[in-house]
Amino acid sequence: MPSFSLRLFSLFSLFVLLLNSCAPQSSTAPSTGAHTDETQSEAERLQEIAERVTIIRDDFGVGHIYAKTDADAVFGLLYAQAEDDFPRVERNYIWAIGRLAEVEGEAALYSDLRARLYMSEEEARAAYAAAPQWLQELCDAFADGLNYYLAQHPEVSPRLLSRFEPWMPFYFFEGSIGGDIEQIPLRGIETFYSQVQEMERSVPLATQSPRPMPMLADGSAPNALAHTIFEEPVGSNGIALDGSRTASGDTMLLINPHTSFYFRGEYQMVSEEGLNAYGAVTWGQFFIYQGFNEHTGWMHTSTAADFIDEFVEDVVRVDDKLLYRYGEELRPVEVTEVTLKVKTDNGLEERRFPAYHTHHGPITHSQDGRWAVTRINWDPVNALQQSYLRMKTANYAEFREMMNIRTNSSNNTVFADSEGNIAYFHGNFMPRRDPQFDYQHPVDGSNPATDWQGVHEVDETVMIVNPVNGWLQNSNSTPFTVAGDNSPRREDYPTYMAPDAENFRAKHSIPLLEAAHDVTLDTLLDLAY
């Protein structure tokens, strides 16, 4: 039996409101094998860690994890998550590492291929090896917490993952709904890779003239990403108030994420190394996606900021080699092999695919006969660091420094701290592009001018700190009304930074906030509804 101390207590009032709108979903859960001398020594090691961790469940069942080190807190967090919903924790990693077809069959094959196009297991292991020691320790604790849970619960039968590994989180660093990789349509991947031999045979010889970009009749290039960005049925709402708007004179932050009831759990993580954070955790991750600590609070809404681009390549053949045009050069297409397993009526079957990469990224689809790359932000080591360090910021200055890592792609952030600051960041990772090209559509990958030119500094993105009106709001909406008349101005930014439209939730919130004074926890709750 685990040595965790388990107790109950009544939840105290919090300065942050966490309002979760609900729409139930479902899920499912191989026990560990017989103990050898080696596994017995591991069992003793895991038991020692467990004795440094206390998990307290409050009256609502929320887990509060108290531990000696941050790594111990991660160990306890993953154990608590497994107690709450191991099937969802496991499925998230089966999906993330590209093994879903092994349990769900043919329908998941191209989801697995998508995952492996962006990172192989070898690359994930290399990412772990390249991570700073403190992050490696957290990833070790992630695996240890789940493996300890399985060792203590032989009655639990995982669908696939009987052992978790510390490289796995490098596949699953995005905590939001509709994360970066999910915005890449599986239809295009399936269409291309299901007929990959025909695609190779259709590649022209290098002696032929460069091919023009495919164009639609209206002059705009087709966009395989059109209509795939996640559209929430209602939407998330974030509000920050400074002391001029509150009865106490303190800042207040409304965190109102709209996900399914079962998409995230809720936890507190406390360690003797300064960690003390509470909030929502996406199943299987070791950081609080949105929530608060003793001094700062952060809320995320989904963004429409343009952080994904398609590069249409001009691939040609020279003898038996595939190359692609880049300016005056012919560069080799990198070709590797991906082997996947698929559950069938006859057991597991292997499926092998070639995987093609240019310097822009993996080939994900074809565009009127030309091969196309979908480029996303794929920087797992820095992304995991940013997601974890966010929890330990003590004020706006530290939070702003953390944002300099610039790996948060799909989220806007509403922020407040105990020093009286409020802030809004529209996205975070934002590629710098040549404004002569319209990146709302695919661009010509053979033209070096279309390449990303680094990443915008945080101060160059759409953001605002401490507006004079004393409030900020965002509801998956344009940042140009985030502070009413004191909002950033559209004309000061490239179009790709904020193509978001206004919506009725944001429009309705503005007059409510303009009229809000002497706000208390109860009146903020009333305003939210």
# chains A, B, ... in the order shown; residues from 1 in each chain; ligands from 1
call {"tool": "select_by_dssp", "arguments": {"residues": "region 241-439 of chain A", "states": "strand (DSSP E)", "output": "PyMOL selection string"}}
result
chain A and resi 241+252-256+264-271+276-282+290-293+296-302+309-312+315-318+321-326+329-332+334-344+347-358+361-367+370-375+411-417+422-425
call {"tool": "residues_around", "arguments": {"residues": "Tyr424 (chain A)", "least_positions_apart": "3", "cutoff": "6 Å", "atoms": "only C-alpha atoms", "output": "list in words"}}
result
Thr413, Val414, Met463 and Ile464 of chain A
call {"tool": "write_last_selection", "arguments": {"atoms": "C-alpha atoms", "output": "mmCIF file, in the first residue's frame"}}
result
data_model
loop_
_atom_site.group_PDB
_atom_site.id
_atom_site.type_symbol
_atom_site.label_atom_id
_atom_site.label_comp_id
_atom_site.auth_asym_id
_atom_site.auth_seq_id
_atom_site.Cartn_x
_atom_site.Cartn_y
_atom_site.Cartn_z
ATOM 1 C CA THR A 413 -2.861 34.853 -21.226
ATOM 2 C CA VAL A 414 -4.741 37.014 -18.713
ATOM 3 C CA MET A 463 0.111 42.883 -25.099
ATOM 4 C CA ILE A 464 -0.905 45.415 -22.464
#
call {"tool": "residues_around", "arguments": {"residues": "Pro380 (chain A)", "least_positions_apart": "5", "cutoff": "8 Å", "atoms": "only C-alpha atoms", "output": "PDB file with N, CA and C atoms, in the first residue's frame"}}
result
ATOM      1  N   ALA A 127      15.841  14.676 -26.625  1.00  0.00           N
ATOM      2  CA  ALA A 127      15.350  15.897 -25.982  1.00  0.00           C
ATOM      3  C   ALA A 127      15.493  15.792 -24.466  1.00  0.00           C
ATOM      4  N   PHE A 170       8.046  14.932 -23.394  1.00  0.00           N
ATOM      5  CA  PHE A 170       8.528  15.797 -24.472  1.00  0.00           C
ATOM      6  C   PHE A 170       7.646  15.698 -25.721  1.00  0.00           C
ATOM      7  N   TYR A 171       6.748  14.735 -25.734  1.00  0.00           N
ATOM      8  CA  TYR A 171       5.714  14.672 -26.760  1.00  0.00           C
ATOM      9  C   TYR A 171       4.468  15.465 -26.361  1.00  0.00           C
ATOM     10  N   PHE A 173       3.705  18.541 -24.320  1.00  0.00           N
ATOM     11  CA  PHE A 173       4.039  19.762 -23.595  1.00  0.00           C
ATOM     12  C   PHE A 173       2.989  20.839 -23.777  1.00  0.00           C
TER      13      PHE A 173
END
call {"tool": "atom_distance", "arguments": {"atom1": "CA of Met168 (chain A)", "atom2": "CA of Glu401 (chain A)"}}
result
26.9 Å
call {"tool": "closest_atom_pairs", "arguments": {"of": "region 56-81 of chain A", "to": "region 278-287 of chain A", "cutoff": "9 Å", "atoms": "only C-alpha atoms", "output": "Markdown table"}}
result
| residue | atom | partner | partner_atom | distance |
| --- | --- | --- | --- | --- |
| A:His64 | CA | A:Tyr278 | CA | 8.4 |
| A:Val74 | CA | A:Phe286 | CA | 5.8 |
| A:Phe75 | CA | A:Phe286 | CA | 8.6 |
| A:Leu77 | CA | A:Phe286 | CA | 6.9 |
| A:Leu78 | CA | A:Gly284 | CA | 6.7 |
| A:Gln81 | CA | A:Trp283 | CA | 6.9 |
call {"tool": "write_last_selection", "arguments": {"atoms": "C-alpha atoms", "output": "short mmCIF file (atom, residue, chain, number, x, y, z; two decimals), in the first residue's frame"}}
result
data_model
loop_
_atom_site.label_atom_id
_atom_site.label_comp_id
_atom_site.auth_asym_id
_atom_site.auth_seq_id
_atom_site.Cartn_x
_atom_site.Cartn_y
_atom_site.Cartn_z
CA HIS A 64 -3.39 18.78 -2.40
CA VAL A 74 5.50 15.99 -9.38
CA PHE A 75 5.69 12.36 -8.21
CA LEU A 77 0.78 14.88 -8.60
CA LEU A 78 1.04 12.05 -11.12
CA GLN A 81 -3.93 11.94 -11.21
#
call {"tool": "select_by_dssp", "arguments": {"residues": "region 357-440 of chain A", "states": "helix (DSSP H, G or I)", "output": "count of residues only"}}
result
21
call {"tool": "closest_residue", "arguments": {"among": "A:Glu329, A:Glu42, A:Asp345, A:Glu182", "to": "Trp95 (chain A)", "atoms": "only C-alpha atoms"}}
result
A:Glu182
call {"tool": "residues_around", "arguments": {"residues": "region 494-507 of chain A", "least_positions_apart": "6", "cutoff": "8 Å", "atoms": "only C-alpha atoms", "output": "MDAnalysis selection string"}}
result
chainID A and resid 303:306 426 430 435 439:440 461:462 473:479 481
call {"tool": "residues_around", "arguments": {"residues": "Thr374 (chain A)", "least_positions_apart": "3", "cutoff": "12 Å", "atoms": "only C-alpha atoms", "output": "PyMOL selection string"}}
result
chain A and resi 114+117-118+180-186+188-189+223-225+307-313+356-367+371+377-378+439+441-443+445
call {"tool": "write_last_selection", "arguments": {"atoms": "N, CA and C atoms", "output": "CSV table (one decimal), in the first residue's frame"}}
result
chain,number,residue,atom,x,y,z
A,114,ARG,N,1.1,11.3,-37.7
A,114,ARG,CA,1.4,12.7,-37.5
A,114,ARG,C,2.3,13.0,-36.3
A,117,LEU,N,5.8,12.0,-37.4
A,117,LEU,CA,6.4,13.0,-38.4
A,117,LEU,C,7.2,14.1,-37.7
A,118,TYR,N,6.6,14.5,-36.5
A,118,TYR,CA,7.2,15.7,-35.8
A,118,TYR,C,8.3,15.2,-34.9
A,180,ASP,N,-1.1,22.7,-30.8
A,180,ASP,CA,-0.5,22.9,-32.1
A,180,ASP,C,-0.7,21.8,-33.1
A,181,ILE,N,-0.2,20.6,-32.7
A,181,ILE,CA,-0.2,19.5,-33.6
A,181,ILE,C,-1.6,19.0,-34.0
A,182,GLU,N,-2.6,19.2,-33.1
A,182,GLU,CA,-3.9,18.8,-33.4
A,182,GLU,C,-4.6,19.7,-34.5
A,183,GLN,N,-4.0,20.8,-34.8
A,183,GLN,CA,-4.5,21.7,-35.8
A,183,GLN,C,-4.1,21.3,-37.2
A,184,ILE,N,-3.3,20.3,-37.3
A,184,ILE,CA,-2.8,19.8,-38.6
A,184,ILE,C,-3.8,18.7,-39.0
A,185,PRO,N,-4.5,18.9,-40.1
A,185,PRO,CA,-5.6,17.9,-40.5
A,185,PRO,C,-5.0,16.6,-40.8
A,186,LEU,N,-5.7,15.6,-40.3
A,186,LEU,CA,-5.3,14.2,-40.6
A,186,LEU,C,-5.7,13.8,-42.0
A,188,GLY,N,-5.2,15.4,-44.8
A,188,GLY,CA,-4.1,15.7,-45.7
A,188,GLY,C,-3.0,14.7,-45.6
A,189,ILE,N,-2.7,14.3,-44.3
A,189,ILE,CA,-1.7,13.3,-44.1
A,189,ILE,C,-2.1,11.9,-44.7
A,223,ASN,N,-5.9,26.4,-48.8
A,223,ASN,CA,-5.3,26.4,-47.4
A,223,ASN,C,-5.8,25.1,-46.7
A,224,ALA,N,-4.9,24.1,-46.5
A,224,ALA,CA,-5.4,22.9,-45.9
A,224,ALA,C,-5.7,23.1,-44.5
A,225,LEU,N,-5.3,24.2,-43.9
A,225,LEU,CA,-5.6,24.4,-42.4
A,225,LEU,C,-6.9,25.1,-42.3
A,307,PHE,N,0.2,31.3,-35.9
A,307,PHE,CA,1.5,30.7,-35.5
A,307,PHE,C,1.9,29.5,-36.3
A,308,ILE,N,1.1,29.1,-37.3
A,308,ILE,CA,1.3,27.9,-38.1
A,308,ILE,C,1.3,28.3,-39.5
A,309,ASP,N,2.3,27.8,-40.3
A,309,ASP,CA,2.4,28.1,-41.7
A,309,ASP,C,2.6,26.9,-42.6
A,310,GLU,N,2.1,27.0,-43.8
A,310,GLU,CA,2.4,26.0,-44.8
A,310,GLU,C,3.3,26.4,-45.9
A,311,PHE,N,4.3,25.6,-46.1
A,311,PHE,CA,5.3,25.9,-47.2
A,311,PHE,C,5.2,24.9,-48.3
A,312,VAL,N,4.8,25.4,-49.5
A,312,VAL,CA,4.7,24.5,-50.6
A,312,VAL,C,6.1,24.3,-51.3
A,313,GLU,N,6.6,23.1,-51.3
A,313,GLU,CA,7.9,22.8,-51.7
A,313,GLU,C,7.9,22.4,-53.2
A,356,TYR,N,9.1,12.3,-45.0
A,356,TYR,CA,9.9,13.3,-45.7
A,356,TYR,C,10.0,14.6,-45.0
A,357,HIS,N,11.2,15.2,-44.9
A,357,HIS,CA,11.4,16.4,-44.3
A,357,HIS,C,12.3,17.4,-45.1
A,358,THR,N,11.9,18.6,-45.1
A,358,THR,CA,12.8,19.7,-45.6
A,358,THR,C,13.2,20.5,-44.4
A,359,HIS,N,13.9,21.6,-44.6
A,359,HIS,CA,14.3,22.4,-43.5
A,359,HIS,C,13.1,23.1,-42.9
A,360,HIS,N,12.0,23.2,-43.6
A,360,HIS,CA,10.8,23.8,-43.0
A,360,HIS,C,10.1,22.8,-42.0
A,361,GLY,N,10.3,21.5,-42.2
A,361,GLY,CA,9.6,20.5,-41.4
A,361,GLY,C,9.1,19.4,-42.2
A,362,PRO,N,8.2,18.5,-41.6
A,362,PRO,CA,7.8,17.3,-42.3
A,362,PRO,C,6.7,17.6,-43.4
A,363,ILE,N,6.8,16.8,-44.5
A,363,ILE,CA,5.7,16.9,-45.5
A,363,ILE,C,4.5,16.3,-44.9
A,364,THR,N,3.4,17.1,-45.0
A,364,THR,CA,2.1,16.7,-44.3
A,364,THR,C,1.0,16.5,-45.3
A,365,HIS,N,1.1,17.0,-46.6
A,365,HIS,CA,0.0,16.9,-47.5
A,365,HIS,C,0.6,17.4,-48.9
A,366,SER,N,-0.3,17.3,-49.9
A,366,SER,CA,0.1,17.8,-51.2
A,366,SER,C,-0.8,19.0,-51.6
A,367,GLN,N,-0.3,19.9,-52.4
A,367,GLN,CA,-1.1,21.1,-52.8
A,367,GLN,C,-1.1,21.1,-54.3
A,371,TRP,N,4.4,19.0,-53.0
A,371,TRP,CA,4.4,18.6,-51.6
A,371,TRP,C,4.5,19.8,-50.7
A,377,ASN,N,5.4,25.3,-34.1
A,377,ASN,CA,6.4,25.5,-33.1
A,377,ASN,C,6.6,24.1,-32.4
A,378,TRP,N,7.8,23.5,-32.6
A,378,TRP,CA,8.1,22.2,-32.0
A,378,TRP,C,9.4,22.4,-31.3
A,439,TYR,N,0.5,35.1,-45.2
A,439,TYR,CA,0.7,33.8,-44.5
A,439,TYR,C,-0.6,33.2,-44.1
A,441,HIS,N,-2.4,32.1,-46.2
A,441,HIS,CA,-2.4,31.1,-47.2
A,441,HIS,C,-1.0,30.4,-47.3
A,442,PRO,N,-0.9,29.3,-47.9
A,442,PRO,CA,0.4,28.7,-48.1
A,442,PRO,C,1.3,29.6,-48.9
A,443,VAL,N,2.6,29.5,-48.6
A,443,VAL,CA,3.6,30.3,-49.3
A,443,VAL,C,4.6,29.4,-50.0
A,445,GLY,N,7.7,27.6,-50.6
A,445,GLY,CA,8.9,27.2,-49.9
A,445,GLY,C,10.2,27.3,-50.6
call {"tool": "residues_around", "arguments": {"residues": "Ala141 (chain A)", "least_positions_apart": "2", "cutoff": "7 Å", "atoms": "only C-alpha atoms", "output": "PyMOL selection string"}}
result
chain A and resi 71-72+74-75+137-139+143-145
